[in-house]
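Structure record follows, encoded as C-alpha cells.
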Amino acid sequence: MPQRPIGTVTRGTTNPNRLRRMDRWIAAAHGPVLHRAEAPVAVDLGYGAAPWTAVELLARLRTAAPRTSVVGIEIDPERVAAAQPYARDGLAFVHGGFEIPLPDPPSLIRAANVLRQYDEDQVAAVWQRLCARLAPDGLLVEGTCDEIGRRHVWVALGPEGPRTVTFATRLGSLDRPSDLAERLPKALIHRNVPGEPVHAFLRDFDRAWASASPYASLGARQRWIATARALAADWPLTDGERRWRQGELTVAWPALRPGPA
C-alpha cells in the first residue's frame with residue numbers, strides 16, 4: 001500500500017521567475033557538486049499550483065551541470081496532474097511530501113515558501129527528515145521570498161544539518177537591510193527580537209548600511225559591497241565580493257542559530 005505523503009497542502013502561490021535569486025546561488029554554490037555527479041537529481045519540493053519554478057530550476061541548473069534532472073514533488077495530487085503536460089526528458093512531477101518518494105537520494109532539495117506555512121516547532125523535524133534523504137554530498141535549500149522574488153532569505157543545509165543563511169535582494173528596491181526580516185525562514189522569523197543573534201545581525205547590517213551611505217553615489221551595488229566588508233569584521237561571512245555584487249550576503253549558521261526557546 002503506498003505511503004501517505006508527509007505534510008500538509010499549502011497555498012501554492014507561485015509566479016514565473018520568483019526563485020531566480022535562489023536558483024542563481026544554488027548554481028554557483030552547488031553547481032560543481034552536481035557537475036561531478038553521474039546523473040544528479042534535484043527536487044523542487046512544494047512547487048505549488050503551477051510548475052514554473054521546476055521548469056526554471058531545470059534550465060538554470062543545466063547551465064552548471066548539463067546532466068541534471070529535476071523532479072517536482074507536490075502533496076496535492078491535482079497540482080501534480082496539472083503539471084504533467086510540462087513533463088519532458090529530465091523533468092518529472094510526482095505526488096509526495098517530506099518523505100521524498102524517489103528511489104535514490106537526490107543531490108539537491110529546494111523547498112521555497114513551504115515551511116513558512118508551518119509552525120516554528122515543526123521546522124527542526126522537517127529539516128532532519130529532508131537532510132536524511134540527501135545524497136552524501138547533497139544540499140537542502142529552504143527559505144522564503146516575496147511574491148516577485150525581490151527579497152529572499154534561505155538556509156543551506158547538508159546531511160549534517162544547517163550550514164549558512166543567505167540574504168538576497170534586488171538592490172535598487174532596498175531601503176535598509178532589515179527590510180529582509182519579513183522574509184526570514186520560519187526557523188528565524190520569530191527570533192528577530194532583542195537577545196537573539198539574528199536580531200543583532202540585522203541591527204549591525206543596518207548600521208553598516210547607514211555608514212556606507214557615501215557609496216550610494218556610486219550605486220546600490222557599491223554600497224552593498226562596502227556594507228558587507230564592514231560586517232565581515234564582526235560576523236562570519238562565508239562569501240566574497242563576487243557574490244556580494246549579485247545582491248547576496250551569506251553568513252555561517254552558528255552565528256545566527258536561535259537560542260533556547
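Numbering starts fresh at 1 for the residues of each chain in the C-alpha cells, the chains themselves are lettered A, B, ... in the order given, and ligands are numbered from 1 as they appear.
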
Residues near region 31-40 of chain A, anyone? I mean within 12 Å using only C-alpha atoms, not counting same-chain ones fewer than 5 positions away, as a PDB file with N, CA, C and O atoms, in the first residue's frame.
```
ATOM      1  N   ASP A  23      17.926  30.230  -7.209  1.00  0.00           N
ATOM      2  CA  ASP A  23      18.466  29.338  -8.236  1.00  0.00           C
ATOM      3  C   ASP A  23      19.867  29.759  -8.664  1.00  0.00           C
ATOM      4  O   ASP A  23      20.755  28.916  -8.873  1.00  0.00           O
ATOM      5  N   ARG A  24      20.072  31.056  -8.799  1.00  0.00           N
ATOM      6  CA  ARG A  24      21.386  31.565  -9.202  1.00  0.00           C
ATOM      7  C   ARG A  24      22.438  31.200  -8.160  1.00  0.00           C
ATOM      8  O   ARG A  24      23.551  30.787  -8.493  1.00  0.00           O
ATOM      9  N   TRP A  25      22.069  31.329  -6.882  1.00  0.00           N
ATOM     10  CA  TRP A  25      23.005  30.969  -5.818  1.00  0.00           C
ATOM     11  C   TRP A  25      23.272  29.466  -5.811  1.00  0.00           C
ATOM     12  O   TRP A  25      24.419  29.033  -5.651  1.00  0.00           O
ATOM     13  N   ILE A  26      22.229  28.665  -5.968  1.00  0.00           N
ATOM     14  CA  ILE A  26      22.409  27.206  -5.985  1.00  0.00           C
ATOM     15  C   ILE A  26      23.349  26.795  -7.106  1.00  0.00           C
ATOM     16  O   ILE A  26      24.252  25.969  -6.913  1.00  0.00           O
ATOM     17  N   LEU A  58      15.266  23.509 -13.728  1.00  0.00           N
ATOM     18  CA  LEU A  58      15.966  22.639 -14.679  1.00  0.00           C
ATOM     19  C   LEU A  58      16.846  23.464 -15.617  1.00  0.00           C
ATOM     20  O   LEU A  58      18.024  23.146 -15.815  1.00  0.00           O
ATOM     21  N   ARG A  60      18.114  26.438 -15.239  1.00  0.00           N
ATOM     22  CA  ARG A  60      19.213  27.130 -14.550  1.00  0.00           C
ATOM     23  C   ARG A  60      20.297  26.168 -14.081  1.00  0.00           C
ATOM     24  O   ARG A  60      21.492  26.472 -14.174  1.00  0.00           O
ATOM     25  N   LEU A  61      19.906  25.006 -13.573  1.00  0.00           N
ATOM     26  CA  LEU A  61      20.915  24.056 -13.120  1.00  0.00           C
ATOM     27  C   LEU A  61      21.691  23.460 -14.282  1.00  0.00           C
ATOM     28  O   LEU A  61      22.884  23.159 -14.144  1.00  0.00           O
ATOM     29  N   ARG A  62      21.038  23.302 -15.414  1.00  0.00           N
ATOM     30  CA  ARG A  62      21.746  22.712 -16.551  1.00  0.00           C
ATOM     31  C   ARG A  62      22.818  23.631 -17.131  1.00  0.00           C
ATOM     32  O   ARG A  62      23.691  23.168 -17.856  1.00  0.00           O
ATOM     33  N   THR A  63      22.778  24.902 -16.809  1.00  0.00           N
ATOM     34  CA  THR A  63      23.881  25.776 -17.218  1.00  0.00           C
ATOM     35  C   THR A  63      25.147  25.420 -16.455  1.00  0.00           C
ATOM     36  O   THR A  63      26.259  25.646 -16.949  1.00  0.00           O
ATOM     37  N   ALA A  64      25.007  24.870 -15.243  1.00  0.00           N
ATOM     38  CA  ALA A  64      26.160  24.481 -14.434  1.00  0.00           C
ATOM     39  C   ALA A  64      26.446  22.986 -14.523  1.00  0.00           C
ATOM     40  O   ALA A  64      27.601  22.568 -14.420  1.00  0.00           O
ATOM     41  N   ALA A  65      25.404  22.187 -14.717  1.00  0.00           N
ATOM     42  CA  ALA A  65      25.540  20.729 -14.735  1.00  0.00           C
ATOM     43  C   ALA A  65      24.542  20.165 -15.737  1.00  0.00           C
ATOM     44  O   ALA A  65      23.385  19.890 -15.381  1.00  0.00           O
ATOM     45  N   PRO A  66      24.941  19.998 -16.994  1.00  0.00           N
ATOM     46  CA  PRO A  66      24.006  19.620 -18.062  1.00  0.00           C
ATOM     47  C   PRO A  66      23.292  18.286 -17.863  1.00  0.00           C
ATOM     48  O   PRO A  66      22.240  18.067 -18.465  1.00  0.00           O
ATOM     49  N   ARG A  67      23.823  17.408 -17.022  1.00  0.00           N
ATOM     50  CA  ARG A  67      23.188  16.100 -16.828  1.00  0.00           C
ATOM     51  C   ARG A  67      22.112  16.112 -15.744  1.00  0.00           C
ATOM     52  O   ARG A  67      21.469  15.101 -15.482  1.00  0.00           O
ATOM     53  N   THR A  68      21.894  17.249 -15.117  1.00  0.00           N
ATOM     54  CA  THR A  68      20.930  17.336 -14.018  1.00  0.00           C
ATOM     55  C   THR A  68      19.505  17.100 -14.500  1.00  0.00           C
ATOM     56  O   THR A  68      19.105  17.574 -15.564  1.00  0.00           O
ATOM     57  N   SER A  69      18.749  16.368 -13.721  1.00  0.00           N
ATOM     58  CA  SER A  69      17.308  16.243 -13.941  1.00  0.00           C
ATOM     59  C   SER A  69      16.587  16.792 -12.715  1.00  0.00           C
ATOM     60  O   SER A  69      17.151  16.860 -11.619  1.00  0.00           O
ATOM     61  N   VAL A  70      15.344  17.212 -12.904  1.00  0.00           N
ATOM     62  CA  VAL A  70      14.556  17.816 -11.834  1.00  0.00           C
ATOM     63  C   VAL A  70      13.266  17.024 -11.655  1.00  0.00           C
ATOM     64  O   VAL A  70      12.616  16.643 -12.639  1.00  0.00           O
ATOM     65  N   VAL A  71      12.904  16.801 -10.390  1.00  0.00           N
ATOM     66  CA  VAL A  71      11.627  16.187 -10.052  1.00  0.00           C
ATOM     67  C   VAL A  71      10.848  17.168  -9.179  1.00  0.00           C
ATOM     68  O   VAL A  71      11.316  17.564  -8.112  1.00  0.00           O
ATOM     69  N   GLY A  90      14.133  14.719 -18.435  1.00  0.00           N
ATOM     70  CA  GLY A  90      14.835  15.449 -17.387  1.00  0.00           C
ATOM     71  C   GLY A  90      13.932  16.213 -16.447  1.00  0.00           C
ATOM     72  O   GLY A  90      14.421  16.830 -15.490  1.00  0.00           O
ATOM     73  N   ASP A 104      16.292   6.945  -5.297  1.00  0.00           N
ATOM     74  CA  ASP A 104      17.669   7.238  -4.901  1.00  0.00           C
ATOM     75  C   ASP A 104      17.733   8.616  -4.251  1.00  0.00           C
ATOM     76  O   ASP A 104      16.947   9.515  -4.581  1.00  0.00           O
ATOM     77  N   PRO A 105      18.687   8.832  -3.353  1.00  0.00           N
ATOM     78  CA  PRO A 105      18.805  10.136  -2.683  1.00  0.00           C
ATOM     79  C   PRO A 105      19.136  11.238  -3.688  1.00  0.00           C
ATOM     80  O   PRO A 105      20.021  11.076  -4.525  1.00  0.00           O
ATOM     81  N   PRO A 106      18.452  12.360  -3.625  1.00  0.00           N
ATOM     82  CA  PRO A 106      18.735  13.451  -4.553  1.00  0.00           C
ATOM     83  C   PRO A 106      19.978  14.239  -4.140  1.00  0.00           C
ATOM     84  O   PRO A 106      20.374  14.257  -2.972  1.00  0.00           O
ATOM     85  N   SER A 107      20.569  14.910  -5.116  1.00  0.00           N
ATOM     86  CA  SER A 107      21.725  15.766  -4.863  1.00  0.00           C
ATOM     87  C   SER A 107      21.317  17.135  -4.351  1.00  0.00           C
ATOM     88  O   SER A 107      22.141  17.862  -3.787  1.00  0.00           O
ATOM     89  N   LEU A 108      20.051  17.487  -4.572  1.00  0.00           N
ATOM     90  CA  LEU A 108      19.560  18.795  -4.144  1.00  0.00           C
ATOM     91  C   LEU A 108      18.076  18.693  -3.826  1.00  0.00           C
ATOM     92  O   LEU A 108      17.313  18.054  -4.565  1.00  0.00           O
ATOM     93  N   ILE A 109      17.674  19.322  -2.727  1.00  0.00           N
ATOM     94  CA  ILE A 109      16.254  19.539  -2.441  1.00  0.00           C
ATOM     95  C   ILE A 109      16.079  21.039  -2.238  1.00  0.00           C
ATOM     96  O   ILE A 109      16.735  21.634  -1.382  1.00  0.00           O
ATOM     97  N   LEU A 134      19.049  13.214   1.659  1.00  0.00           N
ATOM     98  CA  LEU A 134      20.033  13.729   0.714  1.00  0.00           C
ATOM     99  C   LEU A 134      21.126  12.705   0.408  1.00  0.00           C
ATOM    100  O   LEU A 134      21.485  11.871   1.246  1.00  0.00           O
ATOM    101  N   ALA A 135      21.684  12.830  -0.789  1.00  0.00           N
ATOM    102  CA  ALA A 135      22.915  12.114  -1.112  1.00  0.00           C
ATOM    103  C   ALA A 135      24.022  12.608  -0.187  1.00  0.00           C
ATOM    104  O   ALA A 135      23.923  13.696   0.404  1.00  0.00           O
ATOM    105  N   PRO A 136      25.104  11.829  -0.031  1.00  0.00           N
ATOM    106  CA  PRO A 136      26.161  12.218   0.919  1.00  0.00           C
ATOM    107  C   PRO A 136      26.722  13.623   0.709  1.00  0.00           C
ATOM    108  O   PRO A 136      27.109  14.280   1.670  1.00  0.00           O
ATOM    109  N   ASP A 137      26.765  14.086  -0.524  1.00  0.00           N
ATOM    110  CA  ASP A 137      27.258  15.444  -0.797  1.00  0.00           C
ATOM    111  C   ASP A 137      26.113  16.362  -1.215  1.00  0.00           C
ATOM    112  O   ASP A 137      26.322  17.381  -1.880  1.00  0.00           O
ATOM    113  N   GLY A 138      24.895  16.016  -0.812  1.00  0.00           N
ATOM    114  CA  GLY A 138      23.716  16.774  -1.225  1.00  0.00           C
ATOM    115  C   GLY A 138      23.505  18.047  -0.434  1.00  0.00           C
ATOM    116  O   GLY A 138      24.176  18.317   0.570  1.00  0.00           O
ATOM    117  N   LEU A 139      22.538  18.834  -0.904  1.00  0.00           N
ATOM    118  CA  LEU A 139      22.247  20.126  -0.300  1.00  0.00           C
ATOM    119  C   LEU A 139      20.740  20.327  -0.232  1.00  0.00           C
ATOM    120  O   LEU A 139      20.025  20.061  -1.200  1.00  0.00           O
TER     121      LEU A 139
END
```

Counting only C-alpha atoms, what is within 12 Å of Ala208 (chain A), bar same-chain residues fewer than 4 positions away, as a PDB file with N, CA, C and O atoms, in the first residue's frame?
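New file result-v7.pdb:
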```pdb
ATOM      1  N   ARG A 176      16.624  49.508   3.553  1.00  0.00           N
ATOM      2  CA  ARG A 176      17.626  49.124   4.533  1.00  0.00           C
ATOM      3  C   ARG A 176      17.627  47.600   4.647  1.00  0.00           C
ATOM      4  O   ARG A 176      16.599  46.950   4.396  1.00  0.00           O
ATOM      5  N   PRO A 177      18.756  46.997   5.015  1.00  0.00           N
ATOM      6  CA  PRO A 177      18.837  45.527   5.031  1.00  0.00           C
ATOM      7  C   PRO A 177      17.810  44.844   5.920  1.00  0.00           C
ATOM      8  O   PRO A 177      17.349  43.744   5.601  1.00  0.00           O
ATOM      9  N   SER A 178      17.430  45.471   7.029  1.00  0.00           N
ATOM     10  CA  SER A 178      16.466  44.822   7.917  1.00  0.00           C
ATOM     11  C   SER A 178      15.091  44.675   7.280  1.00  0.00           C
ATOM     12  O   SER A 178      14.227  43.974   7.825  1.00  0.00           O
ATOM     13  N   PHE A 201      22.352  40.615  14.311  1.00  0.00           N
ATOM     14  CA  PHE A 201      22.940  40.673  12.970  1.00  0.00           C
ATOM     15  C   PHE A 201      22.243  41.723  12.114  1.00  0.00           C
ATOM     16  O   PHE A 201      22.906  42.542  11.455  1.00  0.00           O
ATOM     17  N   LEU A 202      20.922  41.725  12.107  1.00  0.00           N
ATOM     18  CA  LEU A 202      20.189  42.697  11.297  1.00  0.00           C
ATOM     19  C   LEU A 202      20.419  44.126  11.800  1.00  0.00           C
ATOM     20  O   LEU A 202      20.477  45.066  11.000  1.00  0.00           O
ATOM     21  N   ARG A 203      20.569  44.284  13.099  1.00  0.00           N
ATOM     22  CA  ARG A 203      20.911  45.600  13.649  1.00  0.00           C
ATOM     23  C   ARG A 203      22.253  46.073  13.108  1.00  0.00           C
ATOM     24  O   ARG A 203      22.388  47.210  12.629  1.00  0.00           O
ATOM     25  N   ASP A 204      23.253  45.192  13.152  1.00  0.00           N
ATOM     26  CA  ASP A 204      24.572  45.566  12.644  1.00  0.00           C
ATOM     27  C   ASP A 204      24.560  45.752  11.134  1.00  0.00           C
ATOM     28  O   ASP A 204      25.288  46.599  10.593  1.00  0.00           O
ATOM     29  N   ALA A 212      27.754  53.133   5.187  1.00  0.00           N
ATOM     30  CA  ALA A 212      28.205  53.053   3.798  1.00  0.00           C
ATOM     31  C   ALA A 212      27.422  53.975   2.878  1.00  0.00           C
ATOM     32  O   ALA A 212      27.572  53.914   1.656  1.00  0.00           O
ATOM     33  N   SER A 213      26.611  54.865   3.436  1.00  0.00           N
ATOM     34  CA  SER A 213      25.776  55.743   2.609  1.00  0.00           C
ATOM     35  C   SER A 213      26.574  56.597   1.613  1.00  0.00           C
ATOM     36  O   SER A 213      26.056  56.894   0.525  1.00  0.00           O
ATOM     37  N   PRO A 214      27.814  57.012   1.917  1.00  0.00           N
ATOM     38  CA  PRO A 214      28.561  57.775   0.901  1.00  0.00           C
ATOM     39  C   PRO A 214      28.770  57.014  -0.410  1.00  0.00           C
ATOM     40  O   PRO A 214      28.944  57.632  -1.465  1.00  0.00           O
ATOM     41  N   TYR A 215      28.734  55.677  -0.332  1.00  0.00           N
ATOM     42  CA  TYR A 215      28.910  54.875  -1.547  1.00  0.00           C
ATOM     43  C   TYR A 215      27.660  54.873  -2.423  1.00  0.00           C
ATOM     44  O   TYR A 215      27.706  54.402  -3.568  1.00  0.00           O
ATOM     45  N   ARG A 223      27.443  50.258  -2.523  1.00  0.00           N
ATOM     46  CA  ARG A 223      27.080  50.445  -1.116  1.00  0.00           C
ATOM     47  C   ARG A 223      26.928  49.102  -0.424  1.00  0.00           C
ATOM     48  O   ARG A 223      27.363  48.931   0.726  1.00  0.00           O
ATOM     49  N   TRP A 224      26.310  48.136  -1.083  1.00  0.00           N
ATOM     50  CA  TRP A 224      26.131  46.793  -0.518  1.00  0.00           C
ATOM     51  C   TRP A 224      27.492  46.137  -0.274  1.00  0.00           C
ATOM     52  O   TRP A 224      27.724  45.521   0.774  1.00  0.00           O
ATOM     53  N   ILE A 225      28.405  46.266  -1.219  1.00  0.00           N
ATOM     54  CA  ILE A 225      29.732  45.672  -1.075  1.00  0.00           C
ATOM     55  C   ILE A 225      30.470  46.289   0.114  1.00  0.00           C
ATOM     56  O   ILE A 225      31.085  45.578   0.926  1.00  0.00           O
ATOM     57  N   ALA A 226      30.402  47.614   0.237  1.00  0.00           N
ATOM     58  CA  ALA A 226      31.042  48.277   1.368  1.00  0.00           C
ATOM     59  C   ALA A 226      30.410  47.835   2.685  1.00  0.00           C
ATOM     60  O   ALA A 226      31.105  47.647   3.693  1.00  0.00           O
ATOM     61  N   THR A 227      29.109  47.644   2.678  1.00  0.00           N
ATOM     62  CA  THR A 227      28.408  47.164   3.869  1.00  0.00           C
ATOM     63  C   THR A 227      28.890  45.773   4.251  1.00  0.00           C
ATOM     64  O   THR A 227      29.157  45.478   5.428  1.00  0.00           O
ATOM     65  N   ALA A 228      29.016  44.895   3.263  1.00  0.00           N
ATOM     66  CA  ALA A 228      29.461  43.523   3.530  1.00  0.00           C
ATOM     67  C   ALA A 228      30.880  43.509   4.082  1.00  0.00           C
ATOM     68  O   ALA A 228      31.184  42.739   5.013  1.00  0.00           O
ATOM     69  N   ARG A 229      31.749  44.338   3.534  1.00  0.00           N
ATOM     70  CA  ARG A 229      33.119  44.397   4.048  1.00  0.00           C
ATOM     71  C   ARG A 229      33.127  44.802   5.523  1.00  0.00           C
ATOM     72  O   ARG A 229      33.883  44.249   6.330  1.00  0.00           O
ATOM     73  N   ALA A 230      32.299  45.772   5.879  1.00  0.00           N
ATOM     74  CA  ALA A 230      32.232  46.207   7.272  1.00  0.00           C
ATOM     75  C   ALA A 230      31.676  45.099   8.173  1.00  0.00           C
ATOM     76  O   ALA A 230      32.191  44.856   9.276  1.00  0.00           O
ATOM     77  N   LEU A 231      30.644  44.419   7.718  1.00  0.00           N
ATOM     78  CA  LEU A 231      30.052  43.339   8.508  1.00  0.00           C
ATOM     79  C   LEU A 231      31.044  42.205   8.744  1.00  0.00           C
ATOM     80  O   LEU A 231      31.038  41.569   9.807  1.00  0.00           O
ATOM     81  N   ALA A 232      31.875  41.940   7.755  1.00  0.00           N
ATOM     82  CA  ALA A 232      32.813  40.824   7.840  1.00  0.00           C
ATOM     83  C   ALA A 232      33.807  40.981   8.983  1.00  0.00           C
ATOM     84  O   ALA A 232      34.437  39.998   9.406  1.00  0.00           O
ATOM     85  N   ALA A 233      33.960  42.191   9.512  1.00  0.00           N
ATOM     86  CA  ALA A 233      34.864  42.397  10.639  1.00  0.00           C
ATOM     87  C   ALA A 233      34.328  41.757  11.924  1.00  0.00           C
ATOM     88  O   ALA A 233      35.107  41.417  12.817  1.00  0.00           O
ATOM     89  N   ASP A 234      33.013  41.597  12.008  1.00  0.00           N
ATOM     90  CA  ASP A 234      32.405  41.094  13.243  1.00  0.00           C
ATOM     91  C   ASP A 234      31.547  39.849  13.058  1.00  0.00           C
ATOM     92  O   ASP A 234      31.171  39.212  14.054  1.00  0.00           O
ATOM     93  N   TRP A 235      31.214  39.514  11.826  1.00  0.00           N
ATOM     94  CA  TRP A 235      30.342  38.383  11.568  1.00  0.00           C
ATOM     95  C   TRP A 235      31.008  37.439  10.565  1.00  0.00           C
ATOM     96  O   TRP A 235      31.693  37.891   9.641  1.00  0.00           O
TER      97      TRP A 235
END
```

**Asked** Near Gly72 (chain A), counting only C-alpha atoms, which residues have an atom at most 9 Å away, once you skip same-chain residues fewer than 4 positions from it, shown as an MDAnalysis selection string?
**Response** chainID A and resid 42:47 51 53:55 80 83 91:95

Could you write out that same residue set with all heavy atoms as a compact mmCIF listing (two decimals), in the first residue's frame?
```txt
# COMPACT_ATOMS: atom_id res chain seq x y z
N ALA A 42 17.69 16.82 -8.83
CA ALA A 42 17.30 17.94 -7.97
C ALA A 42 15.79 17.88 -7.76
O ALA A 42 15.03 17.59 -8.69
CB ALA A 42 17.70 19.27 -8.60
N VAL A 43 15.36 18.17 -6.55
CA VAL A 43 13.94 18.14 -6.20
C VAL A 43 13.45 19.56 -5.98
O VAL A 43 14.06 20.34 -5.24
CB VAL A 43 13.71 17.31 -4.93
CG1 VAL A 43 12.29 17.51 -4.39
CG2 VAL A 43 13.96 15.83 -5.21
N ASP A 44 12.34 19.90 -6.63
CA ASP A 44 11.62 21.13 -6.34
C ASP A 44 10.44 20.72 -5.47
O ASP A 44 9.41 20.26 -5.99
CB ASP A 44 11.16 21.81 -7.62
CG ASP A 44 10.51 23.16 -7.37
OD1 ASP A 44 10.62 23.66 -6.23
OD2 ASP A 44 9.91 23.72 -8.30
N LEU A 45 10.60 20.87 -4.16
CA LEU A 45 9.60 20.38 -3.22
C LEU A 45 8.54 21.44 -2.96
O LEU A 45 8.85 22.55 -2.56
CB LEU A 45 10.29 20.00 -1.90
CG LEU A 45 9.39 19.46 -0.79
CD1 LEU A 45 8.69 18.18 -1.21
CD2 LEU A 45 10.19 19.24 0.48
N GLY A 46 7.28 21.07 -3.21
CA GLY A 46 6.18 22.00 -3.00
C GLY A 46 6.17 23.12 -4.02
O GLY A 46 6.09 24.30 -3.66
N TYR A 47 6.21 22.75 -5.30
CA TYR A 47 6.33 23.76 -6.36
C TYR A 47 5.06 24.59 -6.53
O TYR A 47 5.10 25.67 -7.13
CB TYR A 47 6.72 23.12 -7.69
CG TYR A 47 5.78 22.03 -8.17
CD1 TYR A 47 4.61 22.34 -8.87
CD2 TYR A 47 6.09 20.70 -7.94
CE1 TYR A 47 3.76 21.33 -9.31
CE2 TYR A 47 5.24 19.68 -8.37
CZ TYR A 47 4.08 20.01 -9.06
OH TYR A 47 3.24 19.01 -9.48
N PRO A 51 3.73 24.78 -12.34
CA PRO A 51 5.06 24.18 -12.28
C PRO A 51 6.20 25.08 -12.73
O PRO A 51 7.29 24.60 -13.01
CB PRO A 51 4.92 23.00 -13.24
CG PRO A 51 3.99 23.51 -14.30
CD PRO A 51 3.01 24.40 -13.57
N THR A 53 8.35 27.02 -11.32
CA THR A 53 9.63 27.01 -10.61
C THR A 53 10.45 25.76 -10.94
O THR A 53 11.68 25.82 -11.01
CB THR A 53 9.42 27.11 -9.09
OG1 THR A 53 8.63 26.00 -8.63
CG2 THR A 53 8.72 28.42 -8.74
N ALA A 54 9.79 24.63 -11.16
CA ALA A 54 10.52 23.41 -11.53
C ALA A 54 11.08 23.52 -12.94
O ALA A 54 12.22 23.11 -13.20
CB ALA A 54 9.59 22.20 -11.43
N VAL A 55 10.29 24.07 -13.86
CA VAL A 55 10.76 24.27 -15.23
C VAL A 55 11.99 25.17 -15.24
O VAL A 55 13.00 24.89 -15.91
CB VAL A 55 9.64 24.88 -16.10
CG1 VAL A 55 10.17 25.25 -17.48
CG2 VAL A 55 8.47 23.89 -16.22
N VAL A 80 -0.20 17.93 -9.20
CA VAL A 80 0.67 17.01 -9.94
C VAL A 80 0.06 16.71 -11.30
O VAL A 80 0.76 16.72 -12.33
CB VAL A 80 0.89 15.71 -9.14
CG1 VAL A 80 1.74 14.73 -9.94
CG2 VAL A 80 1.56 16.02 -7.80
N ALA A 83 0.46 19.54 -13.74
CA ALA A 83 1.83 19.79 -14.19
C ALA A 83 2.29 18.81 -15.26
O ALA A 83 3.29 19.08 -15.96
CB ALA A 83 2.79 19.71 -13.00
N LEU A 91 12.62 16.18 -16.66
CA LEU A 91 11.69 16.90 -15.80
C LEU A 91 10.46 16.04 -15.56
O LEU A 91 9.73 15.72 -16.50
CB LEU A 91 11.29 18.24 -16.43
CG LEU A 91 10.31 19.10 -15.64
CD1 LEU A 91 10.89 19.50 -14.29
CD2 LEU A 91 9.93 20.35 -16.45
N ALA A 92 10.21 15.70 -14.30
CA ALA A 92 9.07 14.87 -13.94
C ALA A 92 8.36 15.48 -12.73
O ALA A 92 8.93 16.28 -11.98
CB ALA A 92 9.53 13.45 -13.60
N PHE A 93 7.10 15.07 -12.56
CA PHE A 93 6.30 15.57 -11.44
C PHE A 93 5.66 14.37 -10.74
O PHE A 93 5.05 13.52 -11.40
CB PHE A 93 5.22 16.53 -11.95
CG PHE A 93 5.79 17.74 -12.63
CD1 PHE A 93 5.96 17.77 -14.01
CD2 PHE A 93 6.19 18.84 -11.89
CE1 PHE A 93 6.51 18.88 -14.64
CE2 PHE A 93 6.74 19.96 -12.51
CZ PHE A 93 6.90 19.98 -13.89
N VAL A 94 5.81 14.32 -9.41
CA VAL A 94 5.30 13.18 -8.67
C VAL A 94 4.56 13.65 -7.42
O VAL A 94 4.79 14.76 -6.92
CB VAL A 94 6.42 12.19 -8.26
CG1 VAL A 94 7.17 11.69 -9.49
CG2 VAL A 94 7.38 12.84 -7.28
N HIS A 95 3.68 12.79 -6.94
CA HIS A 95 2.89 13.06 -5.75
C HIS A 95 3.69 12.65 -4.52
O HIS A 95 4.19 11.53 -4.44
CB HIS A 95 1.58 12.27 -5.81
CG HIS A 95 0.67 12.50 -4.66
ND1 HIS A 95 -0.06 11.49 -4.06
CD2 HIS A 95 0.36 13.64 -3.97
CE1 HIS A 95 -0.79 11.98 -3.09
NE2 HIS A 95 -0.56 13.29 -3.01
```

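Omitting Gly96 (chain A) and its sequence neighbours fewer than 4 positions away, and counting only C-alpha atoms, the residues within 10 Å are Gln3, Arg4, Pro5, Ile6, Gly7, Leu45, Gly46, Gly72, Ile73, Glu74, Ile75, Asp76, Pro77, Val80, Ile100, Pro101 and Leu102 of chain A.
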
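Interatomic distance, CA of Glu56 (chain A) to CA of Asn17 (chain A): 7.4 Å.
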
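CA of Arg151 (chain A) to CA of Val251 (chain A) spans 16.4 Å [interatomic distance, one decimal].
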
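Closest to Ala125 (chain A) among A:Gly240, A:Gly161, A:Pro185, A:Gly12 is A:Gly161, based on only C-alpha atoms.
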
**Request:** Return as a count of residues only the full set of residues in region 39-217 of chain A whose backbone-based DSSP assignment is strand (DSSP E).
**Result:** 45
